[in-house]
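*Asks:* Contents of final.pdb (PDB, C-alpha atoms, pLDDT in the B column) are below:
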```pdb
ATOM      1  CA  MET T  19      80.370  94.204 107.049  1.00 55.00           C
ATOM      2  CA  ALA T  20      79.834  90.436 106.675  1.00 52.00           C
ATOM      3  CA  PHE T  21      82.938  89.733 108.785  1.00 52.00           C
ATOM      4  CA  SER T  22      81.765  91.946 111.646  1.00 56.00           C
ATOM      5  CA  LEU T  23      78.308  90.326 111.544  1.00 48.00           C
ATOM      6  CA  PHE T  24      79.976  86.896 111.718  1.00 50.00           C
ATOM      7  CA  ALA T  25      82.139  88.039 114.670  1.00 50.00           C
ATOM      8  CA  VAL T  26      79.053  89.267 116.540  1.00 47.00           C
ATOM      9  CA  GLN T  27      77.300  85.944 115.888  1.00 58.00           C
ATOM     10  CA  VAL T  28      80.326  83.974 117.173  1.00 55.00           C
ATOM     11  CA  GLN T  29      80.468  86.116 120.322  1.00 70.00           C
ATOM     12  CA  ALA T  30      76.747  85.535 120.920  1.00 72.00           C
ATOM     13  CA  GLN T  31      77.209  81.758 120.514  1.00 83.00           C
ATOM     14  CA  GLU T  32      80.099  81.788 122.987  1.00 92.00           C
ATOM     15  CA  ALA T  33      78.044  83.829 125.459  1.00 93.00           C
ATOM     16  CA  ASP T  34      75.213  81.283 125.205  1.00 95.00           C
ATOM     17  CA  ILE T  35      77.649  78.390 125.726  1.00 96.00           C
ATOM     18  CA  ARG T  36      79.142  80.134 128.780  1.00 96.00           C
ATOM     19  CA  LYS T  37      75.629  80.728 130.131  1.00 97.00           C
ATOM     20  CA  THR T  38      74.827  77.003 129.857  1.00 97.00           C
ATOM     21  CA  ILE T  39      78.017  76.105 131.718  1.00 98.00           C
ATOM     22  CA  SER T  40      77.426  78.834 134.319  1.00 97.00           C
ATOM     23  CA  THR T  41      73.915  77.502 134.932  1.00 98.00           C
ATOM     24  CA  PHE T  42      75.375  74.025 135.441  1.00 98.00           C
ATOM     25  CA  PHE T  43      77.784  75.337 138.100  1.00 98.00           C
ATOM     26  CA  GLU T  44      75.146  77.517 139.775  1.00 97.00           C
ATOM     27  CA  GLY T  45      73.143  74.329 140.248  1.00 97.00           C
ATOM     28  CA  LEU T  46      76.186  72.438 141.508  1.00 97.00           C
ATOM     29  CA  HIS T  47      77.077  75.120 144.056  1.00 96.00           C
ATOM     30  CA  THR T  48      73.530  75.275 145.439  1.00 96.00           C
ATOM     31  CA  GLY T  49      72.672  71.575 145.157  1.00 95.00           C
ATOM     32  CA  ASP T  50      69.908  72.371 142.660  1.00 96.00           C
ATOM     33  CA  THR T  51      69.775  69.293 140.435  1.00 97.00           C
ATOM     34  CA  LEU T  52      66.767  70.640 138.519  1.00 97.00           C
ATOM     35  CA  LYS T  53      68.873  73.613 137.439  1.00 98.00           C
ATOM     36  CA  ILE T  54      71.678  71.285 136.383  1.00 98.00           C
ATOM     37  CA  LYS T  55      69.289  69.019 134.474  1.00 97.00           C
ATOM     38  CA  SER T  56      67.872  72.050 132.643  1.00 97.00           C
ATOM     39  CA  VAL T  57      71.146  72.424 130.720  1.00 98.00           C
ATOM     40  CA  CYS T  58      72.085  68.745 130.340  1.00 97.00           C
ATOM     41  CA  SER T  59      71.093  66.070 127.888  1.00 96.00           C
ATOM     42  CA  ASP T  60      69.144  63.163 129.370  1.00 92.00           C
ATOM     43  CA  LYS T  61      71.911  60.909 128.058  1.00 94.00           C
ATOM     44  CA  MET T  62      74.852  62.954 129.365  1.00 97.00           C
ATOM     45  CA  ILE T  63      78.099  61.046 129.934  1.00 97.00           C
ATOM     46  CA  LEU T  64      80.318  61.821 132.951  1.00 97.00           C
ATOM     47  CA  GLN T  65      83.913  60.641 133.265  1.00 98.00           C
ATOM     48  CA  SER T  66      86.922  61.605 135.363  1.00 97.00           C
ATOM     49  CA  ILE T  67      90.633  60.978 135.310  1.00 97.00           C
ATOM     50  CA  ILE T  68      91.852  60.925 138.900  1.00 95.00           C
ATOM     51  CA  GLU T  69      95.572  61.443 139.455  1.00 92.00           C
ATOM     52  CA  ASN T  70      97.279  60.649 142.754  1.00 87.00           C
ATOM     53  CA  SER T  71     100.446  59.115 144.180  1.00 85.00           C
ATOM     54  CA  LYS T  72      99.177  55.622 143.265  1.00 87.00           C
ATOM     55  CA  GLY T  73      98.843  56.538 139.590  1.00 91.00           C
ATOM     56  CA  THR T  74      95.980  57.464 137.326  1.00 95.00           C
ATOM     57  CA  LYS T  75      92.472  56.041 137.494  1.00 95.00           C
ATOM     58  CA  PHE T  76      89.753  56.390 134.853  1.00 96.00           C
ATOM     59  CA  ASN T  77      86.263  56.675 136.346  1.00 95.00           C
ATOM     60  CA  TYR T  78      82.800  56.577 134.743  1.00 96.00           C
ATOM     61  CA  GLU T  79      79.970  58.095 136.781  1.00 95.00           C
ATOM     62  CA  ASP T  80      76.307  57.284 136.245  1.00 94.00           C
ATOM     63  CA  VAL T  81      74.354  60.527 135.738  1.00 94.00           C
ATOM     64  CA  SER T  82      71.535  59.582 138.106  1.00 94.00           C
ATOM     65  CA  GLU T  83      74.080  58.716 140.824  1.00 95.00           C
ATOM     66  CA  CYS T  84      75.778  62.064 140.244  1.00 95.00           C
ATOM     67  CA  TYR T  85      72.488  63.913 140.716  1.00 96.00           C
ATOM     68  CA  LYS T  86      71.791  61.951 143.922  1.00 96.00           C
ATOM     69  CA  SER T  87      75.264  62.792 145.205  1.00 95.00           C
ATOM     70  CA  ILE T  88      74.816  66.506 144.488  1.00 96.00           C
ATOM     71  CA  ALA T  89      71.373  66.566 146.125  1.00 95.00           C
ATOM     72  CA  SER T  90      72.783  64.910 149.249  1.00 95.00           C
ATOM     73  CA  ILE T  91      75.518  67.497 149.892  1.00 94.00           C
ATOM     74  CA  PRO T  92      74.912  68.797 153.432  1.00 94.00           C
ATOM     75  CA  LYS T  93      73.601  72.370 153.538  1.00 90.00           C
ATOM     76  CA  ASP T  94      76.422  73.380 155.903  1.00 94.00           C
ATOM     77  CA  MET T  95      79.046  72.229 153.362  1.00 95.00           C
ATOM     78  CA  LYS T  96      79.998  74.921 150.866  1.00 96.00           C
ATOM     79  CA  ILE T  97      81.400  73.648 147.587  1.00 96.00           C
ATOM     80  CA  GLU T  98      82.795  75.959 144.955  1.00 97.00           C
ATOM     81  CA  GLU T  99      84.347  75.158 141.619  1.00 97.00           C
ATOM     82  CA  ARG T 100      86.330  78.199 140.505  1.00 97.00           C
ATOM     83  CA  LEU T 101      86.604  78.342 136.738  1.00 97.00           C
ATOM     84  CA  LEU T 102      89.962  79.838 135.797  1.00 97.00           C
ATOM     85  CA  ASP T 103      89.582  80.235 132.021  1.00 96.00           C
ATOM     86  CA  TYR T 104      87.315  79.354 129.120  1.00 94.00           C
ATOM     87  CA  ARG T 105      88.531  78.112 125.739  1.00 96.00           C
ATOM     88  CA  ILE T 106      85.511  77.540 123.538  1.00 96.00           C
ATOM     89  CA  GLN T 107      85.336  76.125 120.030  1.00 95.00           C
ATOM     90  CA  ASP T 108      82.032  75.783 118.228  1.00 92.00           C
ATOM     91  CA  ASP T 109      80.631  74.809 114.871  1.00 89.00           C
ATOM     92  CA  SER T 110      77.062  76.152 115.181  1.00 86.00           C
ATOM     93  CA  SER T 111      75.530  72.835 116.324  1.00 93.00           C
ATOM     94  CA  MET T 112      78.413  71.424 118.380  1.00 96.00           C
ATOM     95  CA  ALA T 113      80.793  73.041 120.847  1.00 97.00           C
ATOM     96  CA  HIS T 114      83.718  72.174 123.093  1.00 97.00           C
ATOM     97  CA  ALA T 115      84.758  74.088 126.210  1.00 98.00           C
ATOM     98  CA  TRP T 116      88.123  73.539 127.930  1.00 98.00           C
ATOM     99  CA  ILE T 117      88.018  74.983 131.448  1.00 98.00           C
ATOM    100  CA  PRO T 118      90.826  74.755 134.036  1.00 98.00           C
ATOM    101  CA  TYR T 119      89.410  74.857 137.573  1.00 98.00           C
ATOM    102  CA  GLU T 120      90.065  74.694 141.301  1.00 97.00           C
ATOM    103  CA  PHE T 121      87.569  72.902 143.577  1.00 97.00           C
ATOM    104  CA  TYR T 122      87.053  74.141 147.143  1.00 97.00           C
ATOM    105  CA  ILE T 123      85.192  72.587 150.058  1.00 97.00           C
ATOM    106  CA  ASN T 124      84.403  75.040 152.855  1.00 97.00           C
ATOM    107  CA  GLY T 125      87.019  77.425 151.468  1.00 96.00           C
ATOM    108  CA  LYS T 126      89.834  74.855 151.377  1.00 96.00           C
ATOM    109  CA  LEU T 127      91.339  73.677 148.091  1.00 96.00           C
ATOM    110  CA  SER T 128      90.340  70.037 147.576  1.00 96.00           C
ATOM    111  CA  HIS T 129      91.650  69.421 144.057  1.00 96.00           C
ATOM    112  CA  SER T 130      92.195  71.039 140.671  1.00 97.00           C
ATOM    113  CA  GLY T 131      92.269  70.052 137.037  1.00 97.00           C
ATOM    114  CA  VAL T 132      90.546  70.690 133.740  1.00 98.00           C
ATOM    115  CA  ASN T 133      86.911  70.259 132.690  1.00 98.00           C
ATOM    116  CA  SER T 134      86.180  69.336 129.098  1.00 98.00           C
ATOM    117  CA  PHE T 135      82.554  69.958 128.093  1.00 98.00           C
ATOM    118  CA  GLN T 136      80.939  68.783 124.861  1.00 98.00           C
ATOM    119  CA  LEU T 137      77.687  70.534 123.989  1.00 98.00           C
ATOM    120  CA  TYR T 138      75.156  70.469 121.197  1.00 96.00           C
ATOM    121  CA  ASN T 139      72.754  73.136 120.019  1.00 96.00           C
ATOM    122  CA  ASP T 140      69.247  71.771 120.514  1.00 93.00           C
ATOM    123  CA  ASN T 141      67.188  74.157 118.357  1.00 92.00           C
ATOM    124  CA  GLY T 142      68.828  77.265 119.803  1.00 91.00           C
ATOM    125  CA  VAL T 143      69.469  75.922 123.323  1.00 94.00           C
ATOM    126  CA  TRP T 144      72.928  74.634 124.234  1.00 97.00           C
ATOM    127  CA  LYS T 145      72.854  71.303 126.106  1.00 98.00           C
ATOM    128  CA  ILE T 146      75.761  69.504 127.782  1.00 98.00           C
ATOM    129  CA  VAL T 147      76.180  65.960 126.468  1.00 98.00           C
ATOM    130  CA  TYR T 148      79.589  64.974 127.819  1.00 98.00           C
ATOM    131  CA  ILE T 149      81.869  66.055 130.651  1.00 98.00           C
ATOM    132  CA  ILE T 150      85.290  64.625 131.358  1.00 98.00           C
ATOM    133  CA  ASP T 151      87.588  66.155 133.930  1.00 98.00           C
ATOM    134  CA  THR T 152      90.956  65.624 135.502  1.00 97.00           C
ATOM    135  CA  ARG T 153      91.331  65.719 139.271  1.00 96.00           C
ATOM    136  CA  ARG T 154      94.582  66.097 141.145  1.00 95.00           C
ATOM    137  CA  LYS T 155      95.173  66.818 144.807  1.00 90.00           C
ATOM    138  CA  PRO T 156      97.267  69.847 145.741  1.00 85.00           C
ATOM    139  CA  ILE T 157     100.939  69.203 146.438  1.00 75.00           C
ATOM    140  CA  LYS T 158     101.583  69.474 150.160  1.00 65.00           C
TER
END
```
Write out the structure in this file as structure tokens.
*Replies:*
Amino acid sequence: MAFSLFAVQVQAQEADIRKTISTFFEGLHTGDTLKIKSVCSDKMILQSIIENSKGTKFNYEDVSECYKSIASIPKDMKIEERLLDYRIQDDSSMAHAWIPYEFYINGKLSHSGVNSFQLYNDNGVWKIVYIIDTRRKPIK
């Protein structure tokens, strides 16, 4: 009985973590920075590893600049980040989500890679504190 109760609790935690990440992407897709901020720490860190024919570049992005960039996406531009899988690990107050993705602009594949989210449980509410992703252009 204790094992099944533990399994139910783990599934609930994972569902809550997925919901936080889903809310983040709902905000991204609609340009709603308030929605994104609702699931992010004020001190969130954003980094990317960009791979191309010239090599690999490590990029740090200021959170406020990221929000400005998202808010300035033209309304006639449709962006969609398709999440291909979720691998979640959590330890009640900290979690990690590894999420391969494909990023589309107006229905055309722009790039793909993996998102790595670090989250913490802020008194029952999961908040994103760190995102690092890889970005690679499709092979033509």
*Asks:* Excluding same-chain residues fewer than 4 positions from Ile35 of chain T, what lies within 9 Å of it counting only C-alpha atoms, as a list of chain:residue names?
*Replies:* T:Ala30, T:Gln31, T:Ile39, T:Ser40, T:Ile106, T:Ala113, T:Ala115, T:Leu137, T:Val143, T:Trp144, T:Lys145
*Asks:* Would you please work out which residue, of T:Thr152, T:Gln29, T:Ser130, T:Thr48, is nearest to Ala89 of chain T when using all atoms listed in the file?
*Replies:*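 Using all atoms listed in the file, Ala89 of chain T sits closest to T:Thr48.
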*Asks:* Quick check on the file I pasted: which residues fall under the PyMOL selection byres ((chain T and resi 111) around 6)? Write them as a PyMOL selection string.
*Replies:* chain T and resi 109-110+112+138-139
*Asks:* Measuring atom to atom with only C-alpha atoms, identify which of T:Lys126, T:Lys75, T:Asp34, T:Lys86 is nearest to Asp108 of chain T.
*Replies:*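 Going through T:Lys126, T:Lys75, T:Asp34, T:Lys86 one by one, the smallest distance to Asp108 of chain T is for T:Asp34.
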*Asks:* Any chance you could work out the axis-aligned box around segment 114-131 of chain T, listed atoms only, 8 Å on each side, giving centre and edge lengths in Å to one decimal, as AutoDock Vina command-line options?
*Replies:*
```
--center_x 88.0 --center_y 73.4 --center_z 138.0 --size_x 24.6 --size_y 24.0 --size_z 45.8
```
*Asks:* With all atoms listed in the file as the basis for distance, which of T:Lys155, T:Ser71, T:Lys53, T:Leu102 is at the shortest distance from His129 of chain T?
*Replies:*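 Looking only at the distances to His129 of chain T, the closest residue turns out to be T:Lys155.
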*Asks:* Just the number, please: distance in Å from atom CA of Ser56 of chain T to atom CA of Tyr85 of chain T, one decimal.
*Replies:*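 Between atom CA of Ser56 of chain T and atom CA of Tyr85 of chain T the gap is 12.4 Å.
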*Asks:* Calculated over all atoms listed in the file, which of the candidates T:Ile91, T:Gly45, T:Ser134, T:Glu120 has the smallest distance to Arg105 of chain T?
*Replies:*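 With all atoms listed in the file as the atom set, the closest residue is T:Ser134.
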*Asks:* List as a list in words the protein and nucleic acid residues near Val132 of chain T, meaning an atom at most 6 Å away when only C-alpha atoms are counted, but skip any in the same chain fewer than 2 places from it.
*Replies:*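 Counting only C-alpha atoms, the residues come to Ile117, Pro118, Tyr119, Asp151 and Thr152 of chain T.
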*Asks:* Just the number, please: distance in Å from atom CA of Ile123 of chain T to atom CA of Met95 of chain T, one decimal.
*Replies:* 7.0 Å
*Asks:* Which residues come within 10 Å of Thr74 of chain T, counting all atoms listed in the file, excluding same-chain residues fewer than 4 positions away, as a PyMOL selection string?
*Replies:* chain T and resi 67-70+152-154
